[in-house]
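Engineer: Below is the file target19.json, which contains JSON, N, CA, C and O atoms.
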[["chain", "number", "residue", "atom", "x", "y", "z"],
["A", 71, "MET", "N", 78.46, 67.30, 247.53],
["A", 71, "MET", "CA", 79.64, 66.79, 246.87],
["A", 71, "MET", "C", 80.87, 67.58, 247.30],
["A", 71, "MET", "O", 81.92, 67.00, 247.53],
["A", 72, "LEU", "N", 80.73, 68.88, 247.43],
["A", 72, "LEU", "CA", 81.89, 69.70, 247.77],
["A", 72, "LEU", "C", 82.42, 69.38, 249.17],
["A", 72, "LEU", "O", 83.59, 69.56, 249.44],
["A", 73, "ARG", "N", 81.57, 68.89, 250.04],
["A", 73, "ARG", "CA", 81.99, 68.57, 251.40],
["A", 73, "ARG", "C", 82.43, 67.13, 251.57],
["A", 73, "ARG", "O", 82.97, 66.76, 252.59],
["A", 74, "ASP", "N", 82.19, 66.28, 250.59],
["A", 74, "ASP", "CA", 82.45, 64.86, 250.74],
["A", 74, "ASP", "C", 83.91, 64.47, 250.61],
["A", 74, "ASP", "O", 84.36, 63.55, 251.27],
["A", 75, "ALA", "N", 84.64, 65.11, 249.74],
["A", 75, "ALA", "CA", 86.05, 64.75, 249.52],
["A", 75, "ALA", "C", 86.77, 65.90, 248.85],
["A", 75, "ALA", "O", 86.15, 66.80, 248.30],
["A", 76, "TYR", "N", 88.09, 65.82, 248.89],
["A", 76, "TYR", "CA", 88.92, 66.81, 248.21],
["A", 76, "TYR", "C", 89.96, 66.06, 247.39],
["A", 76, "TYR", "O", 90.59, 65.12, 247.87],
["A", 77, "TYR", "N", 90.11, 66.47, 246.15],
["A", 77, "TYR", "CA", 91.12, 65.88, 245.28],
["A", 77, "TYR", "C", 92.03, 67.00, 244.78],
["A", 77, "TYR", "O", 91.55, 68.03, 244.33],
["A", 78, "PRO", "N", 93.33, 66.80, 244.83],
["A", 78, "PRO", "CA", 94.26, 67.86, 244.44],
["A", 78, "PRO", "C", 94.29, 68.16, 242.94],
["A", 78, "PRO", "O", 94.70, 69.23, 242.54],
["A", 79, "THR", "N", 93.81, 67.23, 242.12],
["A", 79, "THR", "CA", 93.82, 67.48, 240.68],
["A", 79, "THR", "C", 92.44, 67.17, 240.09],
["A", 79, "THR", "O", 91.67, 66.38, 240.65],
["A", 80, "TYR", "N", 92.17, 67.78, 238.97],
["A", 80, "TYR", "CA", 90.91, 67.53, 238.27],
["A", 80, "TYR", "C", 90.82, 66.06, 237.83],
["A", 80, "TYR", "O", 89.77, 65.44, 237.93],
["A", 81, "ARG", "N", 91.92, 65.52, 237.37],
["A", 81, "ARG", "CA", 91.95, 64.12, 236.93],
["A", 81, "ARG", "C", 91.52, 63.19, 238.07],
["A", 81, "ARG", "O", 90.72, 62.28, 237.88],
["A", 82, "GLU", "N", 92.05, 63.42, 239.28],
["A", 82, "GLU", "CA", 91.68, 62.59, 240.42],
["A", 82, "GLU", "C", 90.20, 62.75, 240.76],
["A", 82, "GLU", "O", 89.53, 61.77, 241.10],
["A", 83, "LEU", "N", 89.70, 63.96, 240.66],
["A", 83, "LEU", "CA", 88.28, 64.20, 240.91],
["A", 83, "LEU", "C", 87.43, 63.36, 239.96],
["A", 83, "LEU", "O", 86.50, 62.66, 240.38],
["A", 84, "ILE", "N", 87.74, 63.41, 238.68],
["A", 84, "ILE", "CA", 86.98, 62.67, 237.67],
["A", 84, "ILE", "C", 87.11, 61.16, 237.87],
["A", 84, "ILE", "O", 86.12, 60.44, 237.79],
["A", 85, "GLU", "N", 88.30, 60.69, 238.16],
["A", 85, "GLU", "CA", 88.53, 59.25, 238.24],
["A", 85, "GLU", "C", 88.09, 58.62, 239.56],
["A", 85, "GLU", "O", 87.67, 57.46, 239.58],
["A", 86, "LYS", "N", 88.17, 59.37, 240.66],
["A", 86, "LYS", "CA", 87.91, 58.77, 241.97],
["A", 86, "LYS", "C", 86.54, 59.09, 242.57],
["A", 86, "LYS", "O", 86.17, 58.50, 243.58],
["A", 87, "THR", "N", 85.81, 59.98, 241.97],
["A", 87, "THR", "CA", 84.49, 60.33, 242.51],
["A", 87, "THR", "C", 83.50, 59.21, 242.19],
["A", 87, "THR", "O", 83.39, 58.79, 241.04],
["A", 88, "PRO", "N", 82.77, 58.73, 243.20],
["A", 88, "PRO", "CA", 81.73, 57.71, 242.95],
["A", 88, "PRO", "C", 80.48, 58.40, 242.40],
["A", 88, "PRO", "O", 79.55, 58.72, 243.12],
["A", 89, "TRP", "N", 80.45, 58.63, 241.10],
["A", 89, "TRP", "CA", 79.40, 59.44, 240.48],
["A", 89, "TRP", "C", 78.00, 58.90, 240.69],
["A", 89, "TRP", "O", 77.02, 59.65, 240.67],
["A", 90, "GLU", "N", 77.87, 57.60, 240.90],
["A", 90, "GLU", "CA", 76.55, 57.02, 241.12],
["A", 90, "GLU", "C", 75.89, 57.52, 242.41],
["A", 90, "GLU", "O", 74.69, 57.41, 242.59],
["A", 91, "LYS", "N", 76.69, 58.10, 243.31],
["A", 91, "LYS", "CA", 76.15, 58.64, 244.55],
["A", 91, "LYS", "C", 75.48, 60.00, 244.37],
["A", 91, "LYS", "O", 74.83, 60.48, 245.29],
["A", 92, "TYR", "N", 75.65, 60.63, 243.23],
["A", 92, "TYR", "CA", 75.18, 62.00, 243.03],
["A", 92, "TYR", "C", 74.14, 62.10, 241.93],
["A", 92, "TYR", "O", 74.04, 61.25, 241.08],
["A", 93, "GLY", "N", 73.39, 63.20, 241.95],
["A", 93, "GLY", "CA", 72.40, 63.45, 240.91],
["A", 93, "GLY", "C", 70.99, 63.20, 241.38],
["A", 93, "GLY", "O", 70.76, 62.69, 242.48],
["A", 94, "PRO", "N", 70.01, 63.57, 240.58],
["A", 94, "PRO", "CA", 68.60, 63.47, 240.96],
["A", 94, "PRO", "C", 68.15, 62.06, 241.31],
["A", 94, "PRO", "O", 67.22, 61.88, 242.09],
["A", 95, "SER", "N", 68.76, 61.02, 240.77],
["A", 95, "SER", "CA", 68.31, 59.66, 241.04],
["A", 95, "SER", "C", 69.06, 58.99, 242.20],
["A", 95, "SER", "O", 68.82, 57.83, 242.49],
["A", 96, "SER", "N", 69.94, 59.72, 242.87],
["A", 96, "SER", "CA", 70.71, 59.13, 243.97],
["A", 96, "SER", "C", 69.86, 59.05, 245.24],
["A", 96, "SER", "O", 68.79, 59.64, 245.33],
["A", 97, "SER", "N", 70.36, 58.35, 246.23],
["A", 97, "SER", "CA", 69.66, 58.24, 247.50],
["A", 97, "SER", "C", 70.06, 59.35, 248.48],
["A", 97, "SER", "O", 69.51, 59.44, 249.57],
["A", 98, "ASP", "N", 70.98, 60.19, 248.10],
["A", 98, "ASP", "CA", 71.43, 61.30, 248.94],
["A", 98, "ASP", "C", 70.42, 62.44, 248.86],
["A", 98, "ASP", "O", 70.17, 62.99, 247.79],
["A", 99, "ARG", "N", 69.81, 62.80, 250.00],
["A", 99, "ARG", "CA", 68.80, 63.86, 250.02],
["A", 99, "ARG", "C", 69.32, 65.18, 249.48],
["A", 99, "ARG", "O", 68.59, 65.94, 248.87],
["A", 100, "ARG", "N", 70.60, 65.46, 249.69],
["A", 100, "ARG", "CA", 71.17, 66.72, 249.20],
["A", 100, "ARG", "C", 71.15, 66.80, 247.69],
["A", 100, "ARG", "O", 71.16, 67.89, 247.12],
["A", 101, "CYS", "N", 71.13, 65.67, 247.02],
["A", 101, "CYS", "CA", 71.22, 65.64, 245.57],
["A", 101, "CYS", "C", 69.88, 65.51, 244.86],
["A", 101, "CYS", "O", 69.82, 65.60, 243.64],
["A", 102, "GLN", "N", 68.81, 65.28, 245.59],
["A", 102, "GLN", "CA", 67.52, 65.02, 244.97],
["A", 102, "GLN", "C", 67.05, 66.15, 244.05],
["A", 102, "GLN", "O", 66.53, 65.90, 242.99],
["A", 103, "SER", "N", 67.25, 67.40, 244.47],
["A", 103, "SER", "CA", 66.83, 68.51, 243.62],
["A", 103, "SER", "C", 67.99, 69.42, 243.24],
["A", 103, "SER", "O", 67.77, 70.53, 242.77],
["A", 104, "CYS", "N", 69.19, 68.96, 243.43],
["A", 104, "CYS", "CA", 70.37, 69.75, 243.08],
["A", 104, "CYS", "C", 70.51, 69.79, 241.56],
["A", 104, "CYS", "O", 70.40, 68.78, 240.89],
["A", 105, "MET", "N", 70.75, 70.98, 241.03],
["A", 105, "MET", "CA", 70.88, 71.11, 239.59],
["A", 105, "MET", "C", 72.27, 71.61, 239.19],
["A", 105, "MET", "O", 72.56, 71.80, 238.02],
["A", 106, "VAL", "N", 73.13, 71.80, 240.18],
["A", 106, "VAL", "CA", 74.45, 72.35, 239.88],
["A", 106, "VAL", "C", 75.38, 71.30, 239.29],
["A", 106, "VAL", "O", 76.01, 71.53, 238.27],
["A", 107, "HIS", "N", 75.46, 70.14, 239.90],
["A", 107, "HIS", "CA", 76.41, 69.12, 239.47],
["A", 107, "HIS", "C", 75.82, 68.11, 238.51],
["A", 107, "HIS", "O", 76.47, 67.18, 238.13],
["A", 108, "ALA", "N", 74.57, 68.31, 238.15],
["A", 108, "ALA", "CA", 73.91, 67.33, 237.28],
["A", 108, "ALA", "C", 73.79, 67.82, 235.84],
["A", 108, "ALA", "O", 73.06, 67.23, 235.06],
["A", 109, "GLY", "N", 74.47, 68.89, 235.51],
["A", 109, "GLY", "CA", 74.42, 69.38, 234.15],
["A", 109, "GLY", "C", 73.23, 70.28, 233.85],
["A", 109, "GLY", "O", 72.91, 70.53, 232.70],
["A", 110, "PHE", "N", 72.58, 70.79, 234.89],
["A", 110, "PHE", "CA", 71.42, 71.64, 234.69],
["A", 110, "PHE", "C", 71.70, 73.09, 235.05],
["A", 110, "PHE", "O", 70.79, 73.85, 235.30],
["A", 111, "GLU", "N", 72.95, 73.47, 235.11],
["A", 111, "GLU", "CA", 73.30, 74.83, 235.53],
["A", 111, "GLU", "C", 72.67, 75.85, 234.59],
["A", 111, "GLU", "O", 72.81, 75.75, 233.37],
["A", 112, "PRO", "N", 71.96, 76.85, 235.13],
["A", 112, "PRO", "CA", 71.22, 77.79, 234.30],
["A", 112, "PRO", "C", 72.07, 78.77, 233.50],
["A", 112, "PRO", "O", 71.57, 79.37, 232.55],
["A", 113, "THR", "N", 73.35, 78.91, 233.80],
["A", 113, "THR", "CA", 74.16, 79.90, 233.09],
["A", 113, "THR", "C", 74.36, 79.54, 231.62],
["A", 113, "THR", "O", 74.70, 80.41, 230.83],
["A", 114, "VAL", "N", 74.13, 78.31, 231.25],
["A", 114, "VAL", "CA", 74.31, 77.93, 229.85],
["A", 114, "VAL", "C", 73.29, 78.62, 228.96],
["A", 114, "VAL", "O", 73.53, 78.81, 227.77],
["A", 115, "ALA", "N", 72.17, 79.04, 229.51],
["A", 115, "ALA", "CA", 71.14, 79.72, 228.72],
["A", 115, "ALA", "C", 71.37, 81.22, 228.64],
["A", 115, "ALA", "O", 70.78, 81.90, 227.82],
["A", 116, "SER", "N", 72.24, 81.74, 229.48],
["A", 116, "SER", "CA", 72.48, 83.18, 229.51],
["A", 116, "SER", "C", 73.04, 83.66, 228.17],
["A", 116, "SER", "O", 73.98, 83.09, 227.63],
["A", 117, "GLY", "N", 72.45, 84.70, 227.64],
["A", 117, "GLY", "CA", 72.94, 85.27, 226.40],
["A", 117, "GLY", "C", 72.50, 84.55, 225.15],
["A", 117, "GLY", "O", 72.99, 84.81, 224.07],
["A", 118, "ARG", "N", 71.56, 83.67, 225.25],
["A", 118, "ARG", "CA", 71.09, 82.89, 224.09],
["A", 118, "ARG", "C", 69.80, 83.47, 223.52],
["A", 118, "ARG", "O", 68.89, 82.75, 223.19],
["A", 119, "GLU", "N", 69.76, 84.78, 223.41],
["A", 119, "GLU", "CA", 68.60, 85.48, 222.88],
["A", 119, "GLU", "C", 67.33, 85.23, 223.69],
["A", 119, "GLU", "O", 66.23, 85.29, 223.17],
["A", 120, "ILE", "N", 67.51, 84.92, 224.97],
["A", 120, "ILE", "CA", 66.39, 84.79, 225.88],
["A", 120, "ILE", "C", 66.26, 86.12, 226.61],
["A", 120, "ILE", "O", 67.25, 86.61, 227.16],
["A", 121, "PRO", "N", 65.08, 86.72, 226.61],
["A", 121, "PRO", "CA", 64.92, 88.02, 227.27],
["A", 121, "PRO", "C", 65.36, 87.96, 228.73],
["A", 121, "PRO", "O", 65.16, 86.95, 229.41],
["A", 122, "LEU", "N", 65.96, 89.04, 229.21],
["A", 122, "LEU", "CA", 66.48, 89.09, 230.58],
["A", 122, "LEU", "C", 65.39, 88.74, 231.59],
["A", 122, "LEU", "O", 65.64, 88.00, 232.54],
["A", 123, "GLY", "N", 64.20, 89.26, 231.40],
["A", 123, "GLY", "CA", 63.11, 88.96, 232.34],
["A", 123, "GLY", "C", 62.83, 87.47, 232.44],
["A", 123, "GLY", "O", 62.59, 86.94, 233.52],
["A", 124, "LYS", "N", 62.87, 86.79, 231.31],
["A", 124, "LYS", "CA", 62.63, 85.34, 231.29],
["A", 124, "LYS", "C", 63.77, 84.60, 231.98],
["A", 124, "LYS", "O", 63.56, 83.62, 232.69],
["A", 125, "GLN", "N", 65.01, 85.07, 231.80],
["A", 125, "GLN", "CA", 66.15, 84.45, 232.47],
["A", 125, "GLN", "C", 66.02, 84.58, 233.98],
["A", 125, "GLN", "O", 66.28, 83.63, 234.72],
["A", 126, "ILE", "N", 65.63, 85.76, 234.45],
["A", 126, "ILE", "CA", 65.46, 85.98, 235.89],
["A", 126, "ILE", "C", 64.34, 85.11, 236.42],
["A", 126, "ILE", "O", 64.47, 84.47, 237.47],
["A", 127, "TYR", "N", 63.22, 85.06, 235.68],
["A", 127, "TYR", "CA", 62.10, 84.21, 236.09],
["A", 127, "TYR", "C", 62.55, 82.76, 236.20],
["A", 127, "TYR", "O", 62.26, 82.07, 237.20],
["A", 128, "ASN", "N", 63.28, 82.26, 235.22],
["A", 128, "ASN", "CA", 63.76, 80.88, 235.23],
["A", 128, "ASN", "C", 64.70, 80.63, 236.40],
["A", 128, "ASN", "O", 64.65, 79.57, 237.04],
["A", 129, "ALA", "N", 65.58, 81.59, 236.68],
["A", 129, "ALA", "CA", 66.52, 81.42, 237.79],
["A", 129, "ALA", "C", 65.78, 81.31, 239.11],
["A", 129, "ALA", "O", 66.08, 80.43, 239.93],
["A", 130, "PHE", "N", 64.80, 82.17, 239.35],
["A", 130, "PHE", "CA", 64.03, 82.11, 240.58],
["A", 130, "PHE", "C", 63.23, 80.81, 240.67],
["A", 130, "PHE", "O", 63.12, 80.19, 241.72],
["A", 131, "ARG", "N", 62.71, 80.38, 239.56],
["A", 131, "ARG", "CA", 61.92, 79.14, 239.53],
["A", 131, "ARG", "C", 62.80, 77.94, 239.86],
["A", 131, "ARG", "O", 62.39, 77.02, 240.56],
["A", 132, "MET", "N", 64.03, 77.93, 239.36],
["A", 132, "MET", "CA", 64.95, 76.82, 239.64],
["A", 132, "MET", "C", 65.38, 76.79, 241.10],
["A", 132, "MET", "O", 65.70, 75.73, 241.63],
["A", 133, "MET", "N", 65.42, 77.94, 241.74],
["A", 133, "MET", "CA", 65.87, 78.01, 243.13],
["A", 133, "MET", "C", 64.76, 77.74, 244.14],
["A", 133, "MET", "O", 65.01, 77.61, 245.32],
["A", 134, "SER", "N", 63.53, 77.69, 243.68],
["A", 134, "SER", "CA", 62.44, 77.47, 244.64],
["A", 134, "SER", "C", 62.05, 76.02, 244.75],
["A", 134, "SER", "O", 62.44, 75.19, 244.03]]
Is it possible to express this structure as structure tokens?
Structural biologist:
Amino acid sequence: MLRDAYYPTYRELIEKTPWEKYGPSSSDRRCQSCMVHAGFEPTVASGREIPLGKQIYNAFRMMS
């Protein structure tokens, strides 16, 4: 997604991006297992009373 287009404002990004092209169900191979732009970013769990070891384990598991 970052290489596909550039929009000077956030509003243009939201309004002009063809969102159906992205995410786990898209036909783009780059997006099949991408978790960054699909709302699966692991940082949301950081600091939520999850032990640090478990957070590291989860991060490595998501990247493999």
Engineer: Enter the distance from atom C of Thr87 of chain A to atom O of Ala75 of chain A, in Å, rounded to one decimal.
Structural biologist: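 Interatomic distance, atom C of Thr87 of chain A to atom O of Ala75 of chain A: 10.1 Å.
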Engineer: Tell me, in Å to one decimal, how far atom N of Met132 of chain A is from atom O of Asp74 of chain A.
Structural biologist: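 If I compute the distance from atom N of Met132 of chain A to atom O of Asp74 of chain A, I get 27.6 Å.
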Engineer: Could you work out how far atom CA of Cys104 of chain A lies from atom O of Phe130 of chain A, giving the answer in Å with one decimal?
Structural biologist: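 Answer for the atom O of Phe130 of chain A to atom CA of Cys104 of chain A separation: 12.8 Å.
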Engineer: With a distance cut-off of 10 Å and only C-alpha atoms, select the neighbouring residues of segment 98-103 of chain A, excluding the residue or stretch itself and same-chain residues fewer than 6 positions from it, and output the selection as a list in words.
Structural biologist: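 Counting only C-alpha atoms, the residues come to Met71, Lys91, Tyr92, Met132 and Met133 of chain A.
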